[in-house]
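As stored in target.tsv (TSV, N, CA and C atoms):
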chain	number	residue	atom	x	y	z
A	576	MET	N	-29.10	103.86	24.38
A	576	MET	CA	-29.20	104.24	22.98
A	576	MET	C	-29.89	103.19	22.12
A	577	PRO	N	-29.67	101.86	22.30
A	577	PRO	CA	-30.36	100.88	21.46
A	577	PRO	C	-31.88	101.01	21.53
A	578	ALA	N	-32.45	101.40	22.69
A	578	ALA	CA	-33.90	101.53	22.80
A	578	ALA	C	-34.40	102.62	21.86
A	579	LEU	N	-33.64	103.71	21.73
A	579	LEU	CA	-34.04	104.78	20.81
A	579	LEU	C	-34.00	104.29	19.37
A	580	THR	N	-32.99	103.53	19.03
A	580	THR	CA	-32.87	102.99	17.69
A	580	THR	C	-34.01	102.02	17.40
A	581	ALA	N	-34.34	101.17	18.35
A	581	ALA	CA	-35.45	100.23	18.18
A	581	ALA	C	-36.76	100.99	18.03
A	582	ALA	N	-36.95	102.03	18.83
A	582	ALA	CA	-38.17	102.83	18.73
A	582	ALA	C	-38.27	103.49	17.36
A	583	ARG	N	-37.16	103.96	16.83
A	583	ARG	CA	-37.17	104.55	15.49
A	583	ARG	C	-37.52	103.52	14.42
A	584	GLU	N	-37.04	102.30	14.59
A	584	GLU	CA	-37.34	101.24	13.63
A	584	GLU	C	-38.83	100.89	13.65
A	585	VAL	N	-39.41	100.84	14.83
A	585	VAL	CA	-40.86	100.59	14.95
A	585	VAL	C	-41.61	101.70	14.23
A	586	GLU	N	-41.18	102.93	14.43
A	586	GLU	CA	-41.80	104.07	13.76
A	586	GLU	C	-41.62	103.98	12.25
A	587	ARG	N	-40.42	103.64	11.81
A	587	ARG	CA	-40.12	103.53	10.38
A	587	ARG	C	-41.00	102.47	9.71
A	588	LEU	N	-41.28	101.39	10.43
A	588	LEU	CA	-42.11	100.32	9.90
A	588	LEU	C	-43.59	100.71	9.88
A	589	GLY	N	-43.91	101.86	10.47
A	589	GLY	CA	-45.30	102.32	10.47
A	589	GLY	C	-46.18	101.61	11.48
A	590	LEU	N	-45.55	101.00	12.48
A	590	LEU	CA	-46.33	100.31	13.51
A	590	LEU	C	-46.81	101.32	14.55
A	591	PRO	N	-48.04	101.17	15.01
A	591	PRO	CA	-48.51	102.07	16.07
A	591	PRO	C	-47.66	101.91	17.33
A	592	ALA	N	-47.47	102.99	18.05
A	592	ALA	CA	-46.70	102.94	19.30
A	592	ALA	C	-47.31	101.89	20.22
A	593	GLY	N	-46.48	101.05	20.78
A	593	GLY	CA	-46.94	100.00	21.68
A	593	GLY	C	-47.55	98.80	20.97
A	594	SER	N	-47.52	98.80	19.65
A	594	SER	CA	-48.06	97.68	18.88
A	594	SER	C	-47.22	96.44	19.14
A	595	PRO	N	-47.85	95.32	19.47
A	595	PRO	CA	-47.06	94.11	19.77
A	595	PRO	C	-46.45	93.49	18.51
A	596	LEU	N	-45.21	93.10	18.61
A	596	LEU	CA	-44.54	92.37	17.53
A	596	LEU	C	-44.63	90.87	17.78
A	597	VAL	N	-44.74	90.51	19.04
A	597	VAL	CA	-44.86	89.11	19.45
A	597	VAL	C	-46.34	88.82	19.65
A	598	PRO	N	-46.83	87.69	19.14
A	598	PRO	CA	-48.26	87.38	19.30
A	598	PRO	C	-48.70	87.41	20.76
A	599	ALA	N	-49.90	87.91	20.98
A	599	ALA	CA	-50.42	88.04	22.34
A	599	ALA	C	-50.79	86.68	22.93
A	600	GLU	N	-51.29	85.79	22.10
A	600	GLU	CA	-51.74	84.50	22.61
A	600	GLU	C	-50.58	83.52	22.72
A	601	HIS	N	-50.69	82.62	23.68
A	601	HIS	CA	-49.63	81.66	23.97
A	601	HIS	C	-49.30	80.79	22.75
A	602	ALA	N	-50.33	80.33	22.04
A	602	ALA	CA	-50.09	79.47	20.87
A	602	ALA	C	-49.27	80.19	19.82
A	603	GLY	N	-49.55	81.47	19.62
A	603	GLY	CA	-48.78	82.26	18.65
A	603	GLY	C	-47.33	82.43	19.07
A	604	ARG	N	-47.10	82.62	20.37
A	604	ARG	CA	-45.72	82.75	20.87
A	604	ARG	C	-44.97	81.44	20.72
A	605	ARG	N	-45.67	80.31	20.93
A	605	ARG	CA	-45.03	79.00	20.76
A	605	ARG	C	-44.60	78.79	19.31
A	606	ILE	N	-45.44	79.20	18.37
A	606	ILE	CA	-45.10	79.07	16.95
A	606	ILE	C	-43.89	79.96	16.63
A	607	MET	N	-43.89	81.18	17.16
A	607	MET	CA	-42.77	82.08	16.90
A	607	MET	C	-41.48	81.53	17.50
A	608	ALA	N	-41.55	80.96	18.70
A	608	ALA	CA	-40.37	80.36	19.32
A	608	ALA	C	-39.88	79.17	18.49
A	609	LYS	N	-40.82	78.42	17.93
A	609	LYS	CA	-40.46	77.28	17.08
A	609	LYS	C	-39.70	77.76	15.84
A	610	PHE	N	-40.12	78.90	15.31
A	610	PHE	CA	-39.43	79.52	14.18
A	610	PHE	C	-37.95	79.71	14.51
A	611	PHE	N	-37.67	80.26	15.69
A	611	PHE	CA	-36.28	80.50	16.07
A	611	PHE	C	-35.53	79.20	16.37
A	612	ARG	N	-36.22	78.20	16.92
A	612	ARG	CA	-35.56	76.91	17.15
A	612	ARG	C	-35.16	76.27	15.83
A	613	ALA	N	-35.98	76.45	14.80
A	613	ALA	CA	-35.67	75.85	13.50
A	613	ALA	C	-34.35	76.38	12.94
A	614	ILE	N	-34.06	77.63	13.19
A	614	ILE	CA	-32.80	78.19	12.67
A	614	ILE	C	-31.74	78.28	13.76
A	615	GLY	N	-32.05	77.78	14.95
A	615	GLY	CA	-31.13	77.88	16.07
A	615	GLY	C	-30.08	76.79	16.14
A	616	ASP	N	-29.94	76.02	15.09
A	616	ASP	CA	-28.95	74.95	15.05
A	616	ASP	C	-27.81	75.38	14.12
A	617	PRO	N	-26.54	75.25	14.54
A	617	PRO	CA	-25.43	75.69	13.70
A	617	PRO	C	-25.40	75.03	12.31
A	618	THR	N	-25.75	73.76	12.23
A	618	THR	CA	-25.75	73.08	10.93
A	618	THR	C	-26.85	73.64	10.03
A	619	ARG	N	-28.02	73.88	10.59
A	619	ARG	CA	-29.11	74.43	9.78
A	619	ARG	C	-28.78	75.83	9.30
A	620	LEU	N	-28.10	76.63	10.13
A	620	LEU	CA	-27.67	77.96	9.68
A	620	LEU	C	-26.71	77.85	8.50
A	621	LEU	N	-25.77	76.93	8.60
A	621	LEU	CA	-24.80	76.73	7.52
A	621	LEU	C	-25.51	76.28	6.24
A	622	LEU	N	-26.48	75.38	6.39
A	622	LEU	CA	-27.24	74.91	5.23
A	622	LEU	C	-28.06	76.04	4.62
A	623	LEU	N	-28.69	76.85	5.46
A	623	LEU	CA	-29.47	77.98	4.93
A	623	LEU	C	-28.60	78.89	4.08
A	624	GLU	N	-27.43	79.22	4.58
A	624	GLU	CA	-26.53	80.09	3.82
A	624	GLU	C	-26.14	79.42	2.50
A	625	PHE	N	-25.84	78.14	2.55
A	625	PHE	CA	-25.43	77.39	1.36
A	625	PHE	C	-26.54	77.34	0.31
A	626	LEU	N	-27.77	77.33	0.77
A	626	LEU	CA	-28.91	77.20	-0.13
A	626	LEU	C	-29.47	78.54	-0.61
A	627	LEU	N	-28.83	79.63	-0.25
A	627	LEU	CA	-29.33	80.95	-0.65
A	627	LEU	C	-29.18	81.22	-2.14
A	628	GLY	N	-28.08	80.82	-2.71
A	628	GLY	CA	-27.78	81.23	-4.08
A	628	GLY	C	-28.39	80.38	-5.17
A	629	GLN	N	-28.54	79.09	-4.90
A	629	GLN	CA	-29.03	78.19	-5.96
A	629	GLN	C	-29.52	76.89	-5.36
A	630	GLU	N	-30.18	76.10	-6.19
A	630	GLU	CA	-30.62	74.78	-5.75
A	630	GLU	C	-29.42	73.89	-5.52
A	631	ARG	N	-29.53	73.06	-4.49
A	631	ARG	CA	-28.45	72.12	-4.16
A	631	ARG	C	-29.06	70.75	-3.87
A	632	THR	N	-28.33	69.72	-4.22
A	632	THR	CA	-28.75	68.36	-3.91
A	632	THR	C	-28.31	68.01	-2.49
A	633	VAL	N	-28.86	66.93	-1.96
A	633	VAL	CA	-28.46	66.46	-0.65
A	633	VAL	C	-26.96	66.14	-0.66
A	634	SER	N	-26.48	65.53	-1.73
A	634	SER	CA	-25.04	65.20	-1.82
A	634	SER	C	-24.18	66.45	-1.71
A	635	GLU	N	-24.57	67.51	-2.38
A	635	GLU	CA	-23.81	68.77	-2.28
A	635	GLU	C	-23.85	69.31	-0.86
A	636	CYS	N	-25.00	69.20	-0.23
A	636	CYS	CA	-25.13	69.67	1.15
A	636	CYS	C	-24.27	68.85	2.10
A	637	ILE	N	-24.23	67.54	1.88
A	637	ILE	CA	-23.40	66.65	2.70
A	637	ILE	C	-21.93	67.06	2.58
A	638	GLU	N	-21.50	67.28	1.36
A	638	GLU	CA	-20.11	67.68	1.13
A	638	GLU	C	-19.81	69.02	1.80
A	639	HIS	N	-20.76	69.93	1.74
A	639	HIS	CA	-20.55	71.27	2.30
A	639	HIS	C	-20.44	71.27	3.82
A	640	VAL	N	-21.32	70.51	4.49
A	640	VAL	CA	-21.32	70.56	5.96
A	640	VAL	C	-20.51	69.44	6.60
A	641	GLY	N	-20.21	68.39	5.83
A	641	GLY	CA	-19.35	67.32	6.34
A	641	GLY	C	-20.01	66.40	7.35
A	642	LEU	N	-21.30	66.23	7.25
A	642	LEU	CA	-22.01	65.32	8.14
A	642	LEU	C	-22.58	64.15	7.33
A	643	SER	N	-23.11	63.17	8.03
A	643	SER	CA	-23.67	61.99	7.37
A	643	SER	C	-24.93	62.35	6.59
A	644	GLN	N	-25.28	61.49	5.66
A	644	GLN	CA	-26.46	61.70	4.82
A	644	GLN	C	-27.72	61.79	5.69
A	645	SER	N	-27.84	60.92	6.68
A	645	SER	CA	-29.05	60.93	7.51
A	645	SER	C	-29.18	62.22	8.31
A	646	ARG	N	-28.07	62.72	8.85
A	646	ARG	CA	-28.11	63.97	9.63
A	646	ARG	C	-28.45	65.15	8.74
A	647	VAL	N	-27.82	65.22	7.56
A	647	VAL	CA	-28.09	66.33	6.64
A	647	VAL	C	-29.54	66.27	6.15
A	648	SER	N	-30.01	65.08	5.81
A	648	SER	CA	-31.39	64.93	5.36
A	648	SER	C	-32.37	65.36	6.44
A	649	SER	N	-32.07	65.04	7.68
A	649	SER	CA	-32.93	65.43	8.79
A	649	SER	C	-32.98	66.95	8.94
A	650	HIS	N	-31.83	67.59	8.84
A	650	HIS	CA	-31.77	69.06	8.92
A	650	HIS	C	-32.52	69.69	7.75
A	651	LEU	N	-32.33	69.16	6.55
A	651	LEU	CA	-33.03	69.70	5.38
A	651	LEU	C	-34.54	69.51	5.51
A	652	ALA	N	-34.96	68.37	6.03
A	652	ALA	CA	-36.39	68.12	6.24
A	652	ALA	C	-36.97	69.12	7.23
A	653	CYS	N	-36.23	69.41	8.29
A	653	CYS	CA	-36.67	70.40	9.27
A	653	CYS	C	-36.84	71.76	8.61
A	654	LEU	N	-35.84	72.18	7.85
A	654	LEU	CA	-35.91	73.48	7.18
A	654	LEU	C	-37.06	73.53	6.18
A	655	ALA	N	-37.29	72.44	5.48
A	655	ALA	CA	-38.39	72.39	4.51
A	655	ALA	C	-39.74	72.37	5.23
A	656	ASP	N	-39.87	71.54	6.26
A	656	ASP	CA	-41.13	71.45	7.01
A	656	ASP	C	-41.51	72.79	7.64
A	657	CYS	N	-40.50	73.56	8.04
A	657	CYS	CA	-40.76	74.85	8.68
A	657	CYS	C	-40.86	76.00	7.68
A	658	GLY	N	-40.71	75.71	6.40
A	658	GLY	CA	-40.92	76.71	5.37
A	658	GLY	C	-39.72	77.57	5.02
A	659	PHE	N	-38.54	77.22	5.51
A	659	PHE	CA	-37.35	78.01	5.20
A	659	PHE	C	-36.76	77.68	3.84
A	660	VAL	N	-36.93	76.44	3.39
A	660	VAL	CA	-36.44	76.03	2.07
A	660	VAL	C	-37.55	75.27	1.35
A	661	THR	N	-37.42	75.22	0.04
A	661	THR	CA	-38.33	74.40	-0.76
A	661	THR	C	-37.55	73.22	-1.31
A	662	ALA	N	-38.25	72.13	-1.50
A	662	ALA	CA	-37.65	70.91	-2.04
A	662	ALA	C	-38.33	70.60	-3.37
A	663	ARG	N	-37.53	70.25	-4.37
A	663	ARG	CA	-38.07	69.93	-5.68
A	663	ARG	C	-37.47	68.62	-6.16
A	664	ARG	N	-38.34	67.67	-6.50
A	664	ARG	CA	-37.87	66.38	-7.03
A	664	ARG	C	-37.39	66.59	-8.46
A	665	ASP	N	-36.24	66.00	-8.76
A	665	ASP	CA	-35.64	66.07	-10.09
A	665	ASP	C	-35.08	64.69	-10.40
A	666	GLY	N	-35.94	63.80	-10.91
A	666	GLY	CA	-35.51	62.42	-11.13
A	666	GLY	C	-35.22	61.74	-9.81
A	667	ARG	N	-34.00	61.23	-9.67
A	667	ARG	CA	-33.58	60.56	-8.43
A	667	ARG	C	-33.21	61.53	-7.32
A	668	PHE	N	-33.07	62.78	-7.67
A	668	PHE	CA	-32.55	63.77	-6.73
A	668	PHE	C	-33.66	64.66	-6.18
A	669	THR	N	-33.42	65.17	-4.99
A	669	THR	CA	-34.23	66.25	-4.44
A	669	THR	C	-33.32	67.45	-4.34
A	670	ARG	N	-33.79	68.54	-4.88
A	670	ARG	CA	-33.01	69.79	-4.87
A	670	ARG	C	-33.66	70.76	-3.88
A	671	TYR	N	-32.83	71.38	-3.05
A	671	TYR	CA	-33.30	72.30	-2.03
A	671	TYR	C	-32.81	73.70	-2.34
A	672	GLN	N	-33.62	74.68	-1.95
A	672	GLN	CA	-33.24	76.07	-2.16
A	672	GLN	C	-34.05	76.97	-1.24
A	673	VAL	N	-33.41	78.05	-0.79
A	673	VAL	CA	-34.13	79.10	-0.08
A	673	VAL	C	-34.82	79.93	-1.16
A	674	THR	N	-36.13	80.10	-1.03
A	674	THR	CA	-36.86	80.86	-2.04
A	674	THR	C	-37.40	82.20	-1.52
A	675	ASP	N	-37.47	82.36	-0.22
A	675	ASP	CA	-38.00	83.60	0.36
A	675	ASP	C	-36.83	84.56	0.59
A	676	PRO	N	-36.82	85.70	-0.09
A	676	PRO	CA	-35.70	86.64	0.05
A	676	PRO	C	-35.56	87.20	1.47
A	677	ARG	N	-36.59	87.09	2.28
A	677	ARG	CA	-36.49	87.58	3.66
A	677	ARG	C	-35.51	86.76	4.48
A	678	VAL	N	-35.24	85.53	4.04
A	678	VAL	CA	-34.27	84.69	4.76
A	678	VAL	C	-32.89	85.34	4.68
A	679	VAL	N	-32.56	85.95	3.55
A	679	VAL	CA	-31.28	86.67	3.42
A	679	VAL	C	-31.23	87.80	4.43
A	680	GLN	N	-32.31	88.55	4.54
A	680	GLN	CA	-32.37	89.65	5.50
A	680	GLN	C	-32.25	89.13	6.92
A	681	LEU	N	-32.95	88.05	7.20
A	681	LEU	CA	-32.92	87.45	8.54
A	681	LEU	C	-31.50	87.05	8.93
A	682	ILE	N	-30.81	86.36	8.04
A	682	ILE	CA	-29.45	85.92	8.34
A	682	ILE	C	-28.51	87.11	8.45
A	683	SER	N	-28.71	88.10	7.62
A	683	SER	CA	-27.87	89.30	7.66
A	683	SER	C	-28.05	90.05	8.98
A	684	VAL	N	-29.28	90.21	9.41
A	684	VAL	CA	-29.55	90.89	10.69
A	684	VAL	C	-28.99	90.06	11.85
A	685	ALA	N	-29.18	88.75	11.79
A	685	ALA	CA	-28.66	87.88	12.85
A	685	ALA	C	-27.15	87.97	12.93
A	686	ARG	N	-26.49	88.01	11.78
A	686	ARG	CA	-25.03	88.12	11.78
A	686	ARG	C	-24.58	89.44	12.41
A	687	ALA	N	-25.26	90.53	12.05
A	687	ALA	CA	-24.90	91.84	12.61
A	687	ALA	C	-25.14	91.88	14.12
A	688	LEU	N	-26.29	91.36	14.55
A	688	LEU	CA	-26.57	91.34	15.99
A	688	LEU	C	-25.58	90.45	16.73
A	689	THR	N	-25.21	89.34	16.13
A	689	THR	CA	-24.23	88.44	16.74
A	689	THR	C	-22.88	89.15	16.88
A	690	ALA	N	-22.46	89.83	15.83
A	690	ALA	CA	-21.18	90.56	15.88
A	690	ALA	C	-21.21	91.65	16.95
A	691	ASP	N	-22.32	92.37	17.02
A	691	ASP	CA	-22.43	93.46	18.00
A	691	ASP	C	-22.49	92.95	19.44
A	692	ASN	N	-22.95	91.72	19.62
A	692	ASN	CA	-23.13	91.17	20.96
A	692	ASN	C	-22.27	89.94	21.22
A	693	ALA	N	-21.18	89.79	20.46
A	693	ALA	CA	-20.37	88.57	20.51
A	693	ALA	C	-19.86	88.26	21.92
A	694	ALA	N	-19.35	89.25	22.61
A	694	ALA	CA	-18.80	89.00	23.94
A	694	ALA	C	-19.89	88.56	24.90
A	695	ALA	N	-21.02	89.21	24.86
A	695	ALA	CA	-22.13	88.85	25.76
A	695	ALA	C	-22.65	87.45	25.43
A	696	LEU	N	-22.76	87.13	24.15
A	696	LEU	CA	-23.23	85.81	23.75
A	696	LEU	C	-22.25	84.72	24.17
A	697	ALA	N	-20.96	84.98	24.01
A	697	ALA	CA	-19.94	84.00	24.40
A	697	ALA	C	-19.97	83.76	25.91
A	698	ALA	N	-20.28	84.79	26.68
A	698	ALA	CA	-20.28	84.67	28.14
A	698	ALA	C	-21.61	84.15	28.69
A	699	CYS	N	-22.64	84.07	27.86
A	699	CYS	CA	-23.96	83.66	28.33
A	699	CYS	C	-23.99	82.15	28.59
A	700	PHE	N	-23.92	81.78	29.86
A	700	PHE	CA	-23.91	80.36	30.21
A	700	PHE	C	-25.33	79.79	30.26
A	701	ARG	N	-26.35	80.60	30.27
A	701	ARG	CA	-27.73	80.12	30.37
A	701	ARG	C	-28.16	79.36	29.12
A	702	LEU	N	-27.55	79.63	27.99
A	702	LEU	CA	-27.93	78.96	26.74
A	702	LEU	C	-27.01	77.82	26.36
A	703	ASP	N	-25.95	77.60	27.14
A	703	ASP	CA	-25.07	76.48	26.84
A	703	ASP	C	-25.79	75.16	27.06
A	704	SER	N	-25.54	74.22	26.13
A	704	SER	CA	-26.20	72.92	26.31
A	704	SER	C	-25.23	71.87	26.78

Here is the file; what I need is its structure written in the form of structure tokens.
Amino acid sequence: MPALTAAREVERLGLPAGSPLVPAEHAGRRIMAKFFRAIGDPTRLLLLEFLLGQERTVSECIEHVGLSQSRVSSHLACLADCGFVTARRDGRFTRYQVTDPRVVQLISVARALTADNAAALAACFRLDS
């Protein structure tokens, strides 16, 4: 049944049948995989959610995730470098925020897929580090 639902979604999006969603060339696939690695860290996911509603300082992010300043700054830099958040200097502070509304959709879809596949994901030993 999921294949039928996915086929309907492709049709709903107006994509031609058999149209590739993943880039055909290797370099394009590497970039797309990098996109998923950027959000594939639990701390970065938590930060993304925290930054959805409003601008936050590094100090606020540190308090929210409970990690050191250097670790939080590194995660924020990754998210900014990859285009998931924007950074704005405000005097001594840098304020971060998610500005692309598609990030909300992305996290929402990921949450739903995770919930639907929780048992399989928990049992998947191939992705354990």

Show me, as AutoDock Vina command-line options, the centre and edge lengths in Å to one decimal of the axis-aligned box that covers every listed atom of segment 629-646 of chain A with 3 Å on each side.
--center_x -25.0 --center_y 70.0 --center_z 1.7 --size_x 17.3 --size_y 24.2 --size_z 21.8

What is the atom CA of His650 of chain A to atom N of Ala687 of chain A distance in Å?
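Between atom CA of His650 of chain A and atom N of Ala687 of chain A the gap works out to 22.7 Å.
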
Using only C-alpha atoms, which of A:Arg686, A:Cys699, A:Cys657, A:Val673 sits nearest Ile614 of chain A?
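Among A:Arg686, A:Cys699, A:Cys657, A:Val673, it is A:Cys657 that comes nearest to Ile614 of chain A.
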
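Nearest-residue note for Lys609 of chain A: choosing from A:Leu622, A:Ala582, A:Cys653, A:Leu590, the minimum distance belongs to A:Cys653, counting only C-alpha atoms.
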
All residues 6 Å or closer to segment 669-672 of chain A, only C-alpha atoms, same chain fewer than 3 positions away omitted, as a list in words:
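My reading of the contact set: Leu626, Glu630, Arg631, Thr632, Val660, Thr661, Ala662, Arg663, Arg664 and Asp665 of chain A.
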
How would the residues just picked look written out with N, CA and C atoms as a PDB file, in the frame of the given file?
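After the write, result_18.pdb holds the following:
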ATOM      1  N   LEU A 626     -27.770  77.330   0.770  1.00  0.00           N
ATOM      2  CA  LEU A 626     -28.910  77.200  -0.130  1.00  0.00           C
ATOM      3  C   LEU A 626     -29.470  78.540  -0.610  1.00  0.00           C
ATOM      4  N   GLU A 630     -30.180  76.100  -6.190  1.00  0.00           N
ATOM      5  CA  GLU A 630     -30.620  74.780  -5.750  1.00  0.00           C
ATOM      6  C   GLU A 630     -29.420  73.890  -5.520  1.00  0.00           C
ATOM      7  N   ARG A 631     -29.530  73.060  -4.490  1.00  0.00           N
ATOM      8  CA  ARG A 631     -28.450  72.120  -4.160  1.00  0.00           C
ATOM      9  C   ARG A 631     -29.060  70.750  -3.870  1.00  0.00           C
ATOM     10  N   THR A 632     -28.330  69.720  -4.220  1.00  0.00           N
ATOM     11  CA  THR A 632     -28.750  68.360  -3.910  1.00  0.00           C
ATOM     12  C   THR A 632     -28.310  68.010  -2.490  1.00  0.00           C
ATOM     13  N   VAL A 660     -36.930  76.440   3.390  1.00  0.00           N
ATOM     14  CA  VAL A 660     -36.440  76.030   2.070  1.00  0.00           C
ATOM     15  C   VAL A 660     -37.550  75.270   1.350  1.00  0.00           C
ATOM     16  N   THR A 661     -37.420  75.220   0.040  1.00  0.00           N
ATOM     17  CA  THR A 661     -38.330  74.400  -0.760  1.00  0.00           C
ATOM     18  C   THR A 661     -37.550  73.220  -1.310  1.00  0.00           C
ATOM     19  N   ALA A 662     -38.250  72.130  -1.500  1.00  0.00           N
ATOM     20  CA  ALA A 662     -37.650  70.910  -2.040  1.00  0.00           C
ATOM     21  C   ALA A 662     -38.330  70.600  -3.370  1.00  0.00           C
ATOM     22  N   ARG A 663     -37.530  70.250  -4.370  1.00  0.00           N
ATOM     23  CA  ARG A 663     -38.070  69.930  -5.680  1.00  0.00           C
ATOM     24  C   ARG A 663     -37.470  68.620  -6.160  1.00  0.00           C
ATOM     25  N   ARG A 664     -38.340  67.670  -6.500  1.00  0.00           N
ATOM     26  CA  ARG A 664     -37.870  66.380  -7.030  1.00  0.00           C
ATOM     27  C   ARG A 664     -37.390  66.590  -8.460  1.00  0.00           C
ATOM     28  N   ASP A 665     -36.240  66.000  -8.760  1.00  0.00           N
ATOM     29  CA  ASP A 665     -35.640  66.070 -10.090  1.00  0.00           C
ATOM     30  C   ASP A 665     -35.080  64.690 -10.400  1.00  0.00           C
TER      31      ASP A 665
END

Using DSSP on the backbone coordinates, identify the residues of chain A assigned to strand (DSSP E or B); present them as a PyMOL selection string.
chain A and resi 631-632+661-665+668-672

Atom-to-atom span, atom CA of Arg583 of chain A and atom CA of His601 of chain A, Å
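So the answer is 27.4 Å.
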
Between A:Val684, A:Leu621, A:Leu651, A:Val679, single out the one closest to His639 of chain A, counting all atoms listed in the file.
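That would be A:Leu621, the residue with the smallest distance to His639 of chain A.
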
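Neighbours of Ser643 of chain A closer than or equal to 12 Å, with only C-alpha atoms counted and sequence neighbours fewer than 6 positions away skipped, come out as Thr618, Val633, Ser634, Glu635, Cys636, Ile637, Ser649 and His650 of chain A.
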
Supply segment 639-645 of chain A as an mmCIF file, in the frame of the given file, with all heavy atoms built in where the input has gaps.
data_model
loop_
_atom_site.group_PDB
_atom_site.id
_atom_site.type_symbol
_atom_site.label_atom_id
_atom_site.label_comp_id
_atom_site.auth_asym_id
_atom_site.auth_seq_id
_atom_site.Cartn_x
_atom_site.Cartn_y
_atom_site.Cartn_z
ATOM 1 N N HIS A 639 -20.760 69.930 1.740
ATOM 2 C CA HIS A 639 -20.550 71.270 2.300
ATOM 3 C C HIS A 639 -20.440 71.270 3.820
ATOM 4 O O HIS A 639 -19.581 71.950 4.377
ATOM 5 C CB HIS A 639 -21.672 72.209 1.848
ATOM 6 C CG HIS A 639 -21.487 73.613 2.279
ATOM 7 N ND1 HIS A 639 -20.513 74.436 1.746
ATOM 8 C CD2 HIS A 639 -22.131 74.354 3.213
ATOM 9 C CE1 HIS A 639 -20.569 75.620 2.323
ATOM 10 N NE2 HIS A 639 -21.545 75.596 3.224
ATOM 11 N N VAL A 640 -21.320 70.510 4.490
ATOM 12 C CA VAL A 640 -21.320 70.560 5.960
ATOM 13 C C VAL A 640 -20.510 69.440 6.600
ATOM 14 O O VAL A 640 -20.179 69.516 7.770
ATOM 15 C CB VAL A 640 -22.755 70.566 6.542
ATOM 16 C CG1 VAL A 640 -23.521 71.785 6.080
ATOM 17 C CG2 VAL A 640 -23.507 69.302 6.215
ATOM 18 N N GLY A 641 -20.210 68.390 5.830
ATOM 19 C CA GLY A 641 -19.350 67.320 6.340
ATOM 20 C C GLY A 641 -20.010 66.400 7.350
ATOM 21 O O GLY A 641 -19.325 65.859 8.218
ATOM 22 N N LEU A 642 -21.300 66.230 7.250
ATOM 23 C CA LEU A 642 -22.010 65.320 8.140
ATOM 24 C C LEU A 642 -22.580 64.150 7.330
ATOM 25 O O LEU A 642 -22.568 64.171 6.113
ATOM 26 C CB LEU A 642 -23.152 66.045 8.866
ATOM 27 C CG LEU A 642 -22.732 67.158 9.819
ATOM 28 C CD1 LEU A 642 -23.965 67.874 10.365
ATOM 29 C CD2 LEU A 642 -21.895 66.611 10.963
ATOM 30 N N SER A 643 -23.110 63.170 8.030
ATOM 31 C CA SER A 643 -23.670 61.990 7.370
ATOM 32 C C SER A 643 -24.930 62.350 6.590
ATOM 33 O O SER A 643 -25.580 63.369 6.863
ATOM 34 C CB SER A 643 -24.011 60.914 8.408
ATOM 35 O OG SER A 643 -25.114 61.337 9.189
ATOM 36 N N GLN A 644 -25.280 61.490 5.660
ATOM 37 C CA GLN A 644 -26.460 61.700 4.820
ATOM 38 C C GLN A 644 -27.720 61.790 5.690
ATOM 39 O O GLN A 644 -28.567 62.657 5.472
ATOM 40 C CB GLN A 644 -26.573 60.574 3.790
ATOM 41 C CG GLN A 644 -27.724 60.748 2.804
ATOM 42 C CD GLN A 644 -29.015 60.144 3.306
ATOM 43 O OE1 GLN A 644 -29.011 59.143 4.012
ATOM 44 N NE2 GLN A 644 -30.122 60.771 2.951
ATOM 45 N N SER A 645 -27.840 60.920 6.680
ATOM 46 C CA SER A 645 -29.050 60.930 7.510
ATOM 47 C C SER A 645 -29.180 62.220 8.310
ATOM 48 O O SER A 645 -30.273 62.775 8.443
ATOM 49 C CB SER A 645 -29.095 59.715 8.424
ATOM 50 O OG SER A 645 -28.027 59.725 9.335
#
